[in-house]
$ cat data-v5.pdb   # PDB, C-alpha atoms
ATOM      1  CA  MET A   1      28.476 -49.251 -36.827
ATOM      2  CA  THR A   2      31.504 -46.987 -36.714
ATOM      3  CA  GLY A   3      29.388 -43.900 -36.448
ATOM      4  CA  ALA A   4      28.245 -44.771 -32.930
ATOM      5  CA  PRO A   5      29.651 -42.623 -30.126
ATOM      6  CA  ALA A   6      32.382 -44.120 -28.005
ATOM      7  CA  THR A   7      33.115 -43.313 -24.395
ATOM      8  CA  ALA A   8      36.724 -44.501 -24.295
ATOM      9  CA  THR A   9      39.403 -41.854 -24.326
ATOM     10  CA  SER A  10      42.330 -43.635 -25.926
ATOM     11  CA  GLY A  11      42.983 -46.129 -28.666
ATOM     12  CA  THR A  12      45.676 -48.128 -26.946
ATOM     13  CA  GLY A  13      43.372 -51.109 -26.580
ATOM     14  CA  ALA A  14      42.826 -51.448 -30.316
ATOM     15  CA  PRO A  15      44.266 -54.430 -32.143
ATOM     16  CA  GLY A  16      47.798 -53.652 -33.186
ATOM     17  CA  GLY A  17      48.532 -51.440 -30.199
ATOM     18  CA  SER A  18      49.491 -47.879 -30.976
ATOM     19  CA  THR A  19      49.233 -48.385 -34.735
ATOM     20  CA  ALA A  20      45.464 -48.145 -34.482
ATOM     21  CA  ALA A  21      45.572 -44.749 -32.833
ATOM     22  CA  GLY A  22      46.820 -41.396 -34.032
ATOM     23  CA  VAL A  23      48.394 -38.534 -32.178
ATOM     24  CA  ALA A  24      47.052 -37.882 -28.671
ATOM     25  CA  GLY A  25      44.777 -40.951 -28.753
ATOM     26  CA  THR A  26      42.914 -39.947 -31.948
ATOM     27  CA  PRO A  27      42.059 -43.098 -33.959
ATOM     28  CA  ARG A  28      43.506 -43.354 -37.437
ATOM     29  CA  ILE A  29      41.269 -43.636 -40.474
ATOM     30  CA  TRP A  30      42.639 -47.020 -41.494
ATOM     31  CA  ASN A  31      41.655 -49.013 -38.447
ATOM     32  CA  ILE A  32      39.954 -52.407 -38.318
ATOM     33  CA  ALA A  33      36.455 -50.955 -37.978
ATOM     34  CA  ASN A  34      36.782 -48.735 -41.052
ATOM     35  CA  ILE A  35      38.389 -51.566 -43.014
ATOM     36  CA  LEU A  36      35.326 -53.715 -42.366
ATOM     37  CA  THR A  37      33.117 -50.841 -43.511
ATOM     38  CA  MET A  38      35.143 -50.552 -46.721
ATOM     39  CA  ILE A  39      34.799 -54.286 -47.299
ATOM     40  CA  ARG A  40      31.039 -53.906 -47.052
ATOM     41  CA  LEU A  41      31.100 -51.099 -49.616
ATOM     42  CA  VAL A  42      33.229 -53.177 -52.005
ATOM     43  CA  LEU A  43      30.846 -56.112 -51.661
ATOM     44  CA  VAL A  44      27.914 -54.043 -52.986
ATOM     45  CA  PRO A  45      28.826 -54.125 -56.699
ATOM     46  CA  GLY A  46      30.010 -57.713 -56.367
ATOM     47  CA  PHE A  47      26.698 -58.712 -54.795
ATOM     48  CA  ILE A  48      24.743 -57.059 -57.606
ATOM     49  CA  ALA A  49      26.794 -58.891 -60.217
ATOM     50  CA  LEU A  50      26.235 -62.217 -58.472
ATOM     51  CA  MET A  51      22.489 -61.606 -58.252
ATOM     52  CA  LEU A  52      22.173 -60.918 -61.985
ATOM     53  CA  VAL A  53      24.354 -63.776 -63.276
ATOM     54  CA  ALA A  54      22.457 -66.230 -65.534
ATOM     55  CA  GLY A  55      19.316 -64.141 -65.463
ATOM     56  CA  GLY A  56      19.314 -63.978 -61.684
ATOM     57  CA  HIS A  57      17.541 -67.256 -61.098
ATOM     58  CA  ASP A  58      20.419 -69.707 -60.925
ATOM     59  CA  PRO A  59      20.318 -71.341 -57.454
ATOM     60  CA  ALA A  60      24.119 -71.719 -57.309
ATOM     61  CA  TRP A  61      24.844 -68.075 -58.080
ATOM     62  CA  ARG A  62      22.066 -66.984 -55.757
ATOM     63  CA  SER A  63      23.757 -68.969 -52.981
ATOM     64  CA  VAL A  64      27.039 -67.181 -53.673
ATOM     65  CA  ALA A  65      25.195 -63.871 -53.644
ATOM     66  CA  TRP A  66      23.618 -64.850 -50.325
ATOM     67  CA  ALA A  67      27.097 -65.542 -48.915
ATOM     68  CA  ALA A  68      28.286 -62.068 -49.980
ATOM     69  CA  PHE A  69      25.181 -60.482 -48.451
ATOM     70  CA  THR A  70      25.699 -62.396 -45.203
ATOM     71  CA  VAL A  71      29.333 -61.311 -44.954
ATOM     72  CA  ALA A  72      28.248 -57.702 -45.481
ATOM     73  CA  MET A  73      25.646 -57.912 -42.716
ATOM     74  CA  ILE A  74      28.125 -59.553 -40.323
ATOM     75  CA  THR A  75      30.690 -56.813 -40.945
ATOM     76  CA  ASP A  76      27.977 -54.314 -40.085
ATOM     77  CA  LEU A  77      27.705 -55.898 -36.658
ATOM     78  CA  PHE A  78      31.410 -56.240 -35.978
ATOM     79  CA  ASP A  79      32.624 -52.827 -37.132
ATOM     80  CA  GLY A  80      30.251 -51.068 -34.773
ATOM     81  CA  HIS A  81      31.251 -53.265 -31.835
ATOM     82  CA  LEU A  82      34.954 -52.740 -32.497
ATOM     83  CA  ALA A  83      34.553 -48.991 -32.929
ATOM     84  CA  ARG A  84      32.744 -48.584 -29.612
ATOM     85  CA  THR A  85      34.938 -50.985 -27.653
ATOM     86  CA  TYR A  86      38.361 -49.797 -28.812
ATOM     87  CA  ASN A  87      37.622 -46.127 -29.467
ATOM     88  CA  LEU A  88      37.963 -46.383 -33.239
ATOM     89  CA  VAL A  89      35.198 -43.919 -34.082
ATOM     90  CA  THR A  90      36.294 -41.550 -36.885
ATOM     91  CA  ASP A  91      34.597 -38.943 -39.048
ATOM     92  CA  PHE A  92      35.107 -41.214 -42.045
ATOM     93  CA  GLY A  93      33.365 -44.066 -40.249
ATOM     94  CA  LYS A  94      30.452 -41.838 -39.263
ATOM     95  CA  ILE A  95      29.823 -41.089 -42.942
ATOM     96  CA  ALA A  96      30.819 -44.361 -44.587
ATOM     97  CA  ASP A  97      29.044 -46.746 -42.203
ATOM     98  CA  PRO A  98      25.433 -45.611 -42.823
ATOM     99  CA  ILE A  99      26.164 -45.351 -46.558
ATOM    100  CA  ALA A 100      27.409 -48.936 -46.599
ATOM    101  CA  ASP A 101      24.364 -50.128 -44.646
ATOM    102  CA  LYS A 102      21.877 -48.456 -46.982
ATOM    103  CA  ALA A 103      23.855 -49.500 -50.072
ATOM    104  CA  ILE A 104      23.903 -53.236 -49.410
ATOM    105  CA  MET A 105      20.285 -53.350 -48.268
ATOM    106  CA  GLY A 106      19.090 -51.149 -51.112
ATOM    107  CA  ALA A 107      21.005 -53.216 -53.672
ATOM    108  CA  ALA A 108      19.453 -56.448 -52.407
ATOM    109  CA  LEU A 109      15.907 -55.061 -52.356
ATOM    110  CA  CYS A 110      16.171 -53.488 -55.792
ATOM    111  CA  CYS A 111      17.638 -56.676 -57.305
ATOM    112  CA  LEU A 112      14.881 -58.818 -55.778
ATOM    113  CA  SER A 113      12.161 -56.479 -57.017
ATOM    114  CA  ALA A 114      13.749 -56.235 -60.477
ATOM    115  CA  LEU A 115      13.806 -60.044 -60.669
ATOM    116  CA  GLY A 116      10.166 -60.239 -59.630
ATOM    117  CA  ASP A 117      10.836 -62.009 -56.340
ATOM    118  CA  LEU A 118       9.694 -59.125 -54.126
ATOM    119  CA  PRO A 119       6.944 -56.531 -54.705
ATOM    120  CA  TRP A 120       8.202 -53.023 -55.437
ATOM    121  CA  TRP A 121       5.996 -51.526 -52.762
ATOM    122  CA  VAL A 122       7.933 -53.477 -50.114
ATOM    123  CA  THR A 123      11.191 -52.093 -51.477
ATOM    124  CA  GLY A 124       9.684 -48.605 -51.546
ATOM    125  CA  VAL A 125       8.477 -48.800 -47.942
ATOM    126  CA  ILE A 126      11.791 -50.064 -46.564
ATOM    127  CA  LEU A 127      14.042 -47.748 -48.565
ATOM    128  CA  GLY A 128      11.712 -44.785 -48.101
ATOM    129  CA  ARG A 129      11.775 -45.287 -44.356
ATOM    130  CA  GLU A 130      15.567 -45.621 -44.228
ATOM    131  CA  LEU A 131      16.214 -42.522 -46.331
ATOM    132  CA  GLY A 132      13.498 -40.521 -44.590
ATOM    133  CA  ILE A 133      14.799 -41.249 -41.097
ATOM    134  CA  THR A 134      18.347 -40.443 -42.187
ATOM    135  CA  LEU A 135      17.220 -37.044 -43.500
ATOM    136  CA  LEU A 136      15.153 -36.497 -40.359
ATOM    137  CA  ARG A 137      18.224 -37.076 -38.201
ATOM    138  CA  PHE A 138      20.091 -34.383 -40.109
ATOM    139  CA  VAL A 139      17.167 -31.961 -39.797
ATOM    140  CA  VAL A 140      16.917 -32.225 -36.003
ATOM    141  CA  ILE A 141      20.642 -32.618 -35.321
ATOM    142  CA  ARG A 142      20.759 -28.943 -34.283
ATOM    143  CA  TYR A 143      18.523 -29.842 -31.337
ATOM    144  CA  GLY A 144      20.139 -33.177 -30.464
ATOM    145  CA  VAL A 145      20.739 -36.748 -31.604
ATOM    146  CA  ILE A 146      17.996 -39.357 -31.924
ATOM    147  CA  PRO A 147      19.410 -42.476 -30.245
ATOM    148  CA  ALA A 148      19.050 -45.906 -31.799
ATOM    149  CA  SER A 149      16.312 -47.877 -30.089
ATOM    150  CA  ARG A 150      15.933 -51.594 -29.469
ATOM    151  CA  GLY A 151      13.118 -51.624 -31.977
ATOM    152  CA  GLY A 152      15.453 -50.222 -34.613
ATOM    153  CA  LYS A 153      18.030 -52.919 -33.955
ATOM    154  CA  LEU A 154      15.330 -55.596 -34.096
ATOM    155  CA  LYS A 155      14.117 -54.100 -37.367
ATOM    156  CA  THR A 156      17.609 -54.334 -38.855
ATOM    157  CA  LEU A 157      17.887 -57.974 -37.822
ATOM    158  CA  ALA A 158      14.453 -58.814 -39.257
ATOM    159  CA  GLN A 159      15.268 -57.085 -42.536
ATOM    160  CA  GLY A 160      18.580 -58.912 -42.844
ATOM    161  CA  VAL A 161      17.004 -62.310 -42.217
ATOM    162  CA  ALA A 162      14.050 -61.665 -44.530
ATOM    163  CA  VAL A 163      16.148 -60.315 -47.416
ATOM    164  CA  GLY A 164      18.632 -63.157 -46.978
ATOM    165  CA  MET A 165      15.823 -65.694 -47.269
ATOM    166  CA  TYR A 166      14.589 -64.019 -50.452
ATOM    167  CA  VAL A 167      18.093 -63.984 -51.941
ATOM    168  CA  LEU A 168      18.294 -67.754 -51.575
ATOM    169  CA  ALA A 169      16.325 -69.801 -54.080
ATOM    170  CA  LEU A 170      14.079 -71.426 -51.481
ATOM    171  CA  THR A 171      11.229 -73.789 -52.144
ATOM    172  CA  GLY A 172       8.510 -75.475 -50.126
ATOM    173  CA  TRP A 173       7.601 -74.268 -46.685
ATOM    174  CA  LEU A 174      10.739 -72.111 -46.432
ATOM    175  CA  ALA A 175       9.489 -70.088 -49.398
ATOM    176  CA  SER A 176       6.225 -69.547 -47.519
ATOM    177  CA  ALA A 177       7.980 -68.770 -44.239
ATOM    178  CA  ARG A 178      10.072 -66.009 -45.786
ATOM    179  CA  PHE A 179       6.873 -64.155 -46.682
ATOM    180  CA  TRP A 180       5.894 -63.901 -43.019
ATOM    181  CA  VAL A 181       9.399 -62.957 -41.971
ATOM    182  CA  MET A 182       9.334 -60.131 -44.510
ATOM    183  CA  ALA A 183       5.905 -59.099 -43.221
ATOM    184  CA  VAL A 184       7.325 -58.804 -39.708
ATOM    185  CA  ALA A 185      10.277 -56.808 -41.070
ATOM    186  CA  VAL A 186       7.957 -54.379 -42.891
ATOM    187  CA  ALA A 187       5.796 -53.952 -39.784
ATOM    188  CA  LEU A 188       8.842 -53.205 -37.648
ATOM    189  CA  THR A 189      10.109 -50.836 -40.330
ATOM    190  CA  VAL A 190       6.911 -48.776 -40.260
ATOM    191  CA  ALA A 191       6.513 -48.877 -36.467
ATOM    192  CA  THR A 192      10.080 -47.828 -35.722
ATOM    193  CA  GLY A 193       9.874 -45.141 -38.401
ATOM    194  CA  LEU A 194       6.834 -43.591 -36.731
ATOM    195  CA  ASP A 195       8.568 -43.797 -33.358
ATOM    196  CA  TYR A 196      11.597 -41.957 -34.740
ATOM    197  CA  VAL A 197       9.303 -39.244 -36.108
ATOM    198  CA  ARG A 198       7.716 -38.875 -32.677
ATOM    199  CA  GLN A 199      11.146 -38.607 -31.049
ATOM    200  CA  ALA A 200      12.193 -36.006 -33.606
ATOM    201  CA  VAL A 201       9.109 -33.882 -32.900
ATOM    202  CA  VAL A 202       9.677 -34.053 -29.139
ATOM    203  CA  LEU A 203      13.375 -33.305 -29.538
ATOM    204  CA  ARG A 204      12.657 -30.285 -31.749
ATOM    205  CA  ARG A 205      10.011 -28.994 -29.341
ATOM    206  CA  GLU A 206      12.353 -29.300 -26.369
ATOM    207  CA  GLY A 207      15.168 -27.666 -28.308
ATOM    208  CA  ILE A 208      12.982 -24.686 -29.277
ATOM    209  CA  ALA A 209      11.783 -24.323 -25.674
ATOM    210  CA  ALA A 210      15.372 -24.368 -24.415
ATOM    211  CA  ARG A 211      16.397 -21.684 -26.913
ATOM    212  CA  ARG A 212      13.459 -19.504 -25.933
ATOM    213  CA  ALA A 213      14.440 -19.863 -22.289
ATOM    214  CA  VAL A 214      17.959 -18.699 -23.127
ATOM    215  CA  VAL A 215      16.599 -15.686 -25.014
ATOM    216  CA  LEU A 216      14.327 -14.787 -22.099
ATOM    217  CA  ASP A 217      17.221 -15.079 -19.658
ATOM    218  CA  GLU A 218      19.297 -12.748 -21.800
ATOM    219  CA  ALA A 219      16.407 -10.278 -21.981
ATOM    220  CA  ARG A 220      16.022 -10.383 -18.194
ATOM    221  CA  ALA A 221      19.742  -9.814 -17.825
ATOM    222  CA  ARG A 222      19.519  -6.712 -20.014
ATOM    223  CA  ASP A 223      16.595  -5.348 -17.977
ATOM    224  CA  LEU A 224      18.262  -6.160 -14.676
ATOM    225  CA  GLY A 225      18.773  -2.510 -13.716
ATOM    226  CA  THR A 226      15.071  -1.702 -13.571
ATOM    227  CA  GLY A 227      13.925  -5.166 -12.639
ATOM    228  CA  ASP A 228      16.071  -5.327  -9.499
ATOM    229  CA  ARG A 229      14.312  -2.384  -7.920
ATOM    230  CA  VAL A 230      10.925  -3.997  -8.415
ATOM    231  CA  GLN A 231      12.178  -7.331  -7.089
ATOM    232  CA  ALA A 232      13.723  -5.596  -4.096
ATOM    233  CA  ALA A 233      10.431  -3.930  -3.284
ATOM    234  CA  VAL A 234       8.534  -7.200  -3.616
ATOM    235  CA  ARG A 235      11.013  -9.532  -1.898
ATOM    236  CA  GLY A 236      12.341  -7.067   0.608
ATOM    237  CA  THR A 237      15.892  -7.655  -0.577
ATOM    238  CA  VAL A 238      18.465  -5.205  -1.847
ATOM    239  CA  PRO A 239      20.130  -6.115  -5.175
ATOM    240  CA  PRO A 240      23.846  -5.340  -5.581
ATOM    241  CA  GLU A 241      23.282  -2.314  -7.809
ATOM    242  CA  VAL A 242      20.742  -0.815  -5.426
ATOM    243  CA  ALA A 243      23.030  -1.542  -2.480
ATOM    244  CA  GLU A 244      25.869   0.322  -4.166
ATOM    245  CA  GLU A 245      23.596   3.271  -4.853
ATOM    246  CA  GLY A 246      22.484   3.176  -1.234
ATOM    247  CA  ASP A 247      26.084   3.201  -0.058
ATOM    248  CA  ALA A 248      26.743   6.214  -2.258
ATOM    249  CA  ASP A 249      23.706   7.980  -0.810
ATOM    250  CA  ASP A 250      24.899   7.235   2.723
ATOM    251  CA  ALA A 251      28.309   8.601   1.863
ATOM    252  CA  ARG A 252      26.774  11.777   0.484
ATOM    253  CA  GLU A 253      24.566  12.166   3.552
ATOM    254  CA  GLU A 254      27.548  11.603   5.840
ATOM    255  CA  THR A 255      29.577  14.148   3.915
ATOM    256  CA  GLY A 256      26.698  16.593   4.063
ATOM    257  CA  SER A 257      26.337  16.126   7.825
ATOM    258  CA  ARG A 258      30.025  16.767   8.307
ATOM    259  CA  GLU A 259      30.160  19.968   6.237
ATOM    260  CA  PRO A 260      27.592  21.920   8.347
ATOM    261  CA  SER A 261      29.494  20.985  11.526
ATOM    262  CA  ARG A 262      32.614  22.443   9.988
ATOM    263  CA  ASP A 263      30.710  25.640   9.143
ATOM    264  CA  VAL A 264      29.358  25.837  12.675
ATOM    265  CA  ALA A 265      32.853  25.333  14.094
ATOM    266  CA  ALA A 266      34.202  28.036  11.822
ATOM    267  CA  SER A 267      31.410  30.454  12.785
ATOM    268  CA  GLY A 268      32.076  29.698  16.452
ATOM    269  CA  GLU A 269      35.710  30.601  16.054
ATOM    270  CA  VAL A 270      34.752  33.871  14.372
ATOM    271  CA  ARG A 271      32.381  34.670  17.194
ATOM    272  CA  ARG A 272      35.042  33.956  19.817
ATOM    273  CA  GLU A 273      37.465  36.211  18.019
ATOM    274  CA  ALA A 274      34.816  38.923  17.840
ATOM    275  CA  THR A 275      34.072  38.487  21.529
ATOM    276  CA  ALA A 276      37.761  38.723  22.357
ATOM    277  CA  GLY A 277      37.962  41.893  20.309
ATOM    278  CA  ASP A 278      34.954  43.359  22.046
ATOM    279  CA  GLY A 279      36.464  42.482  25.472
ATOM    280  CA  ALA A 280      38.885  45.441  25.219
ATOM    281  CA  ALA A 281      36.056  47.880  24.693
ATOM    282  CA  PRO A 282      34.530  47.479  28.142
ATOM    283  CA  GLY A 283      37.938  48.114  29.696
ATOM    284  CA  ALA A 284      38.269  51.261  27.722
ATOM    285  CA  GLY A 285      34.793  52.227  28.820
ATOM    286  CA  ARG A 286      35.796  51.716  32.371
ATOM    287  CA  ASP A 287      38.835  53.922  31.893
ATOM    288  CA  GLN A 288      36.674  56.579  30.312
ATOM    289  CA  GLY A 289      34.215  56.238  33.184
ATOM    290  CA  ASP A 290      36.996  56.698  35.685
ATOM    291  CA  ALA A 291      38.249  59.762  33.869
ATOM    292  CA  THR A 292      34.742  61.192  33.748
ATOM    293  CA  SER A 293      34.266  60.595  37.442
ATOM    294  CA  GLU A 294      37.567  62.256  38.152
ATOM    295  CA  ASP A 295      36.615  65.241  36.038
ATOM    296  CA  ALA A 296      33.238  65.406  37.716
ATOM    297  CA  ALA A 297      34.734  65.395  41.167
ATOM    298  CA  PRO A 298      36.660  68.700  40.851
ATOM    299  CA  ARG A 299      33.621  70.271  39.295
ATOM    300  CA  GLY A 300      31.617  69.277  42.298
ATOM    301  CA  ARG A 301      34.158  70.677  44.628
ATOM    302  CA  ARG A 302      34.267  73.918  42.747
ATOM    303  CA  SER A 303      30.549  74.232  42.910
ATOM    304  CA  GLN A 304      30.617  73.633  46.619
ATOM    305  CA  ALA A 305      33.319  76.247  46.975
TER
END
$ encode --input "data-v5.pdb" --output "structure tokens"
Amino acid sequence: MTGAPATATSGTGAPGGSTAAGVAGTPRIWNIANILTMIRLVLVPGFIALMLVAGGHDPAWRSVAWAAFTVAMITDLFDGHLARTYNLVTDFGKIADPIADKAIMGAALCCLSALGDLPWWVTGVILGRELGITLLRFVVIRYGVIPASRGGKLKTLAQGVAVGMYVLALTGWLASARFWVMAVAVALTVATGLDYVRQAVVLRREGIAARRAVVLDEARARDLGTGDRVQAAVRGTVPPEVAEEGDADDAREETGSREPSRDVAASGEVRREATAGDGAAPGAGRDQGDATSEDAAPRGRRSQA
């Protein structure tokens, strides 16, 4: 199937060399894998015409129809292998491949039921499962891709073999054997369908949980300013924002401790200047004292005289 993901990074290994790849390793639309898918789509109307020729019950025409159906199923196997191996996966292949698969299988089932060879409920179960799972894949694609399982591949093989046996005009024990092969195909169809539903539910649940986790992380990031303080108190750690605030507080405290020292130094200088100014006063006092003592001495002498 061309819609399968490929891990290769270039298309140089594709048949035809660089002609199979576009610019910068991008595969071209018209590569071998997509051509096989287109062949399968073209075979659908041809297969229907072959099934309905001569009333739909001519063994020869039914054999030709079986050959067309077989070629279509083989191309389904080869186009997927080529696309994955040689990096030929394109957007066109992703869309056209599942359409071609459902078209050829649906055409065969509807023709067999219309001719009365296969009960309509079998056609309804198989086609209902195929369409339902395809829609389910699109619904949950926002959460992820449901990978193809081994059971799904075995189901496809069983359906191809069973439908091919019904397309042929078989008789005898082969006609009886095809009933049991179809029964196995229907059982695998239902079982794998239920498994895909389970995977889709799990994938959706995990996707919703992951989105909720992202929303919660964003909410925690918005509340980081207040939450960090609580976490710091509980864990004994200092978040970056709190550390920056602490550094600012330390700077303010250091600035505040320096400013009073400057005031004290300034006041000390004023006091020293005042002291120096007052130092002349005692000298003057001494001079006045000396003058007073000198004045007092003559007075004393006069009194003695």
$ closest_residue --input "data-v5.pdb" --among "A:Ile141, A:Leu50, A:Ala83, A:Arg62" --to "Ile35 (chain A)" --atoms "only C-alpha atoms"
A:Ala83
$ closest_residue --input "data-v5.pdb" --among "A:Leu36, A:Val184, A:Phe47, A:Gly193" --to "Gly93 (chain A)" --atoms "all atoms listed in the file"
A:Leu36
$ atom_distance --input "data-v5.pdb" --atom1 "CA of Gly128 (chain A)" --atom2 "CA of Ala169 (chain A)"
26.1 Å
$ axis_aligned_box --input "data-v5.pdb" --around "region 53-71 of chain A" --padding-each-side "6 Å" --output "AutoDock Vina command-line options"
--center_x 23.4 --center_y -66.1 --center_z -55.2 --size_x 23.8 --size_y 23.2 --size_z 32.6
$ residues_around --input "data-v5.pdb" --residues "Trp61 (chain A)" --least-positions-apart "2" --cutoff "12 Å" --atoms "all atoms listed in the file" --output "list in words"
Gly46, Phe47, Ile48, Ala49, Leu50, Met51, Leu52, Val53, Ala54, Gly55, Gly56, His57, Asp58, Pro59, Ser63, Val64, Ala65, Trp66, Ala67, Ala68, Val167, Leu168 and Ala169 of chain A
$ write_last_selection --input "data-v5.pdb" --atoms "C-alpha atoms" --output "mmCIF file, keeping the file's coordinate frame"
data_model
loop_
_atom_site.group_PDB
_atom_site.id
_atom_site.type_symbol
_atom_site.label_atom_id
_atom_site.label_comp_id
_atom_site.auth_asym_id
_atom_site.auth_seq_id
_atom_site.Cartn_x
_atom_site.Cartn_y
_atom_site.Cartn_z
ATOM 1 C CA GLY A 46 30.010 -57.713 -56.367
ATOM 2 C CA PHE A 47 26.698 -58.712 -54.795
ATOM 3 C CA ILE A 48 24.743 -57.059 -57.606
ATOM 4 C CA ALA A 49 26.794 -58.891 -60.217
ATOM 5 C CA LEU A 50 26.235 -62.217 -58.472
ATOM 6 C CA MET A 51 22.489 -61.606 -58.252
ATOM 7 C CA LEU A 52 22.173 -60.918 -61.985
ATOM 8 C CA VAL A 53 24.354 -63.776 -63.276
ATOM 9 C CA ALA A 54 22.457 -66.230 -65.534
ATOM 10 C CA GLY A 55 19.316 -64.141 -65.463
ATOM 11 C CA GLY A 56 19.314 -63.978 -61.684
ATOM 12 C CA HIS A 57 17.541 -67.256 -61.098
ATOM 13 C CA ASP A 58 20.419 -69.707 -60.925
ATOM 14 C CA PRO A 59 20.318 -71.341 -57.454
ATOM 15 C CA SER A 63 23.757 -68.969 -52.981
ATOM 16 C CA VAL A 64 27.039 -67.181 -53.673
ATOM 17 C CA ALA A 65 25.195 -63.871 -53.644
ATOM 18 C CA TRP A 66 23.618 -64.850 -50.325
ATOM 19 C CA ALA A 67 27.097 -65.542 -48.915
ATOM 20 C CA ALA A 68 28.286 -62.068 -49.980
ATOM 21 C CA VAL A 167 18.093 -63.984 -51.941
ATOM 22 C CA LEU A 168 18.294 -67.754 -51.575
ATOM 23 C CA ALA A 169 16.325 -69.801 -54.080
#
$ resolve_selection --input "data-v5.pdb" --expression "the PyMOL selection byres ((chain A and resi 145) around 12)" --output "CSV table (one decimal) with C-alpha atoms, in the frame of the given file"
chain,number,residue,atom,x,y,z
A,4,ALA,CA,28.2,-44.8,-32.9
A,5,PRO,CA,29.7,-42.6,-30.1
A,134,THR,CA,18.3,-40.4,-42.2
A,136,LEU,CA,15.2,-36.5,-40.4
A,137,ARG,CA,18.2,-37.1,-38.2
A,138,PHE,CA,20.1,-34.4,-40.1
A,139,VAL,CA,17.2,-32.0,-39.8
A,140,VAL,CA,16.9,-32.2,-36.0
A,141,ILE,CA,20.6,-32.6,-35.3
A,142,ARG,CA,20.8,-28.9,-34.3
A,143,TYR,CA,18.5,-29.8,-31.3
A,144,GLY,CA,20.1,-33.2,-30.5
A,146,ILE,CA,18.0,-39.4,-31.9
A,147,PRO,CA,19.4,-42.5,-30.2
A,148,ALA,CA,19.0,-45.9,-31.8
A,196,TYR,CA,11.6,-42.0,-34.7
A,199,GLN,CA,11.1,-38.6,-31.0
A,200,ALA,CA,12.2,-36.0,-33.6
A,202,VAL,CA,9.7,-34.1,-29.1
A,203,LEU,CA,13.4,-33.3,-29.5
A,204,ARG,CA,12.7,-30.3,-31.7
A,207,GLY,CA,15.2,-27.7,-28.3
$ resolve_selection --input "data-v5.pdb" --expression "the PyMOL selection byres ((chain A and resi 127) around 12)" --output "PDB file with C-alpha atoms, keeping the file's coordinate frame"
ATOM      1  CA  ASP A 101      24.364 -50.128 -44.646  1.00  0.00           C
ATOM      2  CA  LYS A 102      21.877 -48.456 -46.982  1.00  0.00           C
ATOM      3  CA  ALA A 103      23.855 -49.500 -50.072  1.00  0.00           C
ATOM      4  CA  ILE A 104      23.903 -53.236 -49.410  1.00  0.00           C
ATOM      5  CA  MET A 105      20.285 -53.350 -48.268  1.00  0.00           C
ATOM      6  CA  GLY A 106      19.090 -51.149 -51.112  1.00  0.00           C
ATOM      7  CA  ALA A 107      21.005 -53.216 -53.672  1.00  0.00           C
ATOM      8  CA  ALA A 108      19.453 -56.448 -52.407  1.00  0.00           C
ATOM      9  CA  LEU A 109      15.907 -55.061 -52.356  1.00  0.00           C
ATOM     10  CA  CYS A 110      16.171 -53.488 -55.792  1.00  0.00           C
ATOM     11  CA  TRP A 120       8.202 -53.023 -55.437  1.00  0.00           C
ATOM     12  CA  TRP A 121       5.996 -51.526 -52.762  1.00  0.00           C
ATOM     13  CA  VAL A 122       7.933 -53.477 -50.114  1.00  0.00           C
ATOM     14  CA  THR A 123      11.191 -52.093 -51.477  1.00  0.00           C
ATOM     15  CA  GLY A 124       9.684 -48.605 -51.546  1.00  0.00           C
ATOM     16  CA  VAL A 125       8.477 -48.800 -47.942  1.00  0.00           C
ATOM     17  CA  ILE A 126      11.791 -50.064 -46.564  1.00  0.00           C
ATOM     18  CA  GLY A 128      11.712 -44.785 -48.101  1.00  0.00           C
ATOM     19  CA  ARG A 129      11.775 -45.287 -44.356  1.00  0.00           C
ATOM     20  CA  GLU A 130      15.567 -45.621 -44.228  1.00  0.00           C
ATOM     21  CA  LEU A 131      16.214 -42.522 -46.331  1.00  0.00           C
ATOM     22  CA  GLY A 132      13.498 -40.521 -44.590  1.00  0.00           C
ATOM     23  CA  ILE A 133      14.799 -41.249 -41.097  1.00  0.00           C
ATOM     24  CA  THR A 134      18.347 -40.443 -42.187  1.00  0.00           C
ATOM     25  CA  GLN A 159      15.268 -57.085 -42.536  1.00  0.00           C
ATOM     26  CA  VAL A 186       7.957 -54.379 -42.891  1.00  0.00           C
ATOM     27  CA  THR A 189      10.109 -50.836 -40.330  1.00  0.00           C
ATOM     28  CA  VAL A 190       6.911 -48.776 -40.260  1.00  0.00           C
ATOM     29  CA  GLY A 193       9.874 -45.141 -38.401  1.00  0.00           C
TER      30      GLY A 193
END
$ closest_residue --input "data-v5.pdb" --among "A:Leu194, A:Leu188, A:Val215, A:Met38" --to "Arg150 (chain A)" --atoms "all atoms listed in the file"
A:Leu188
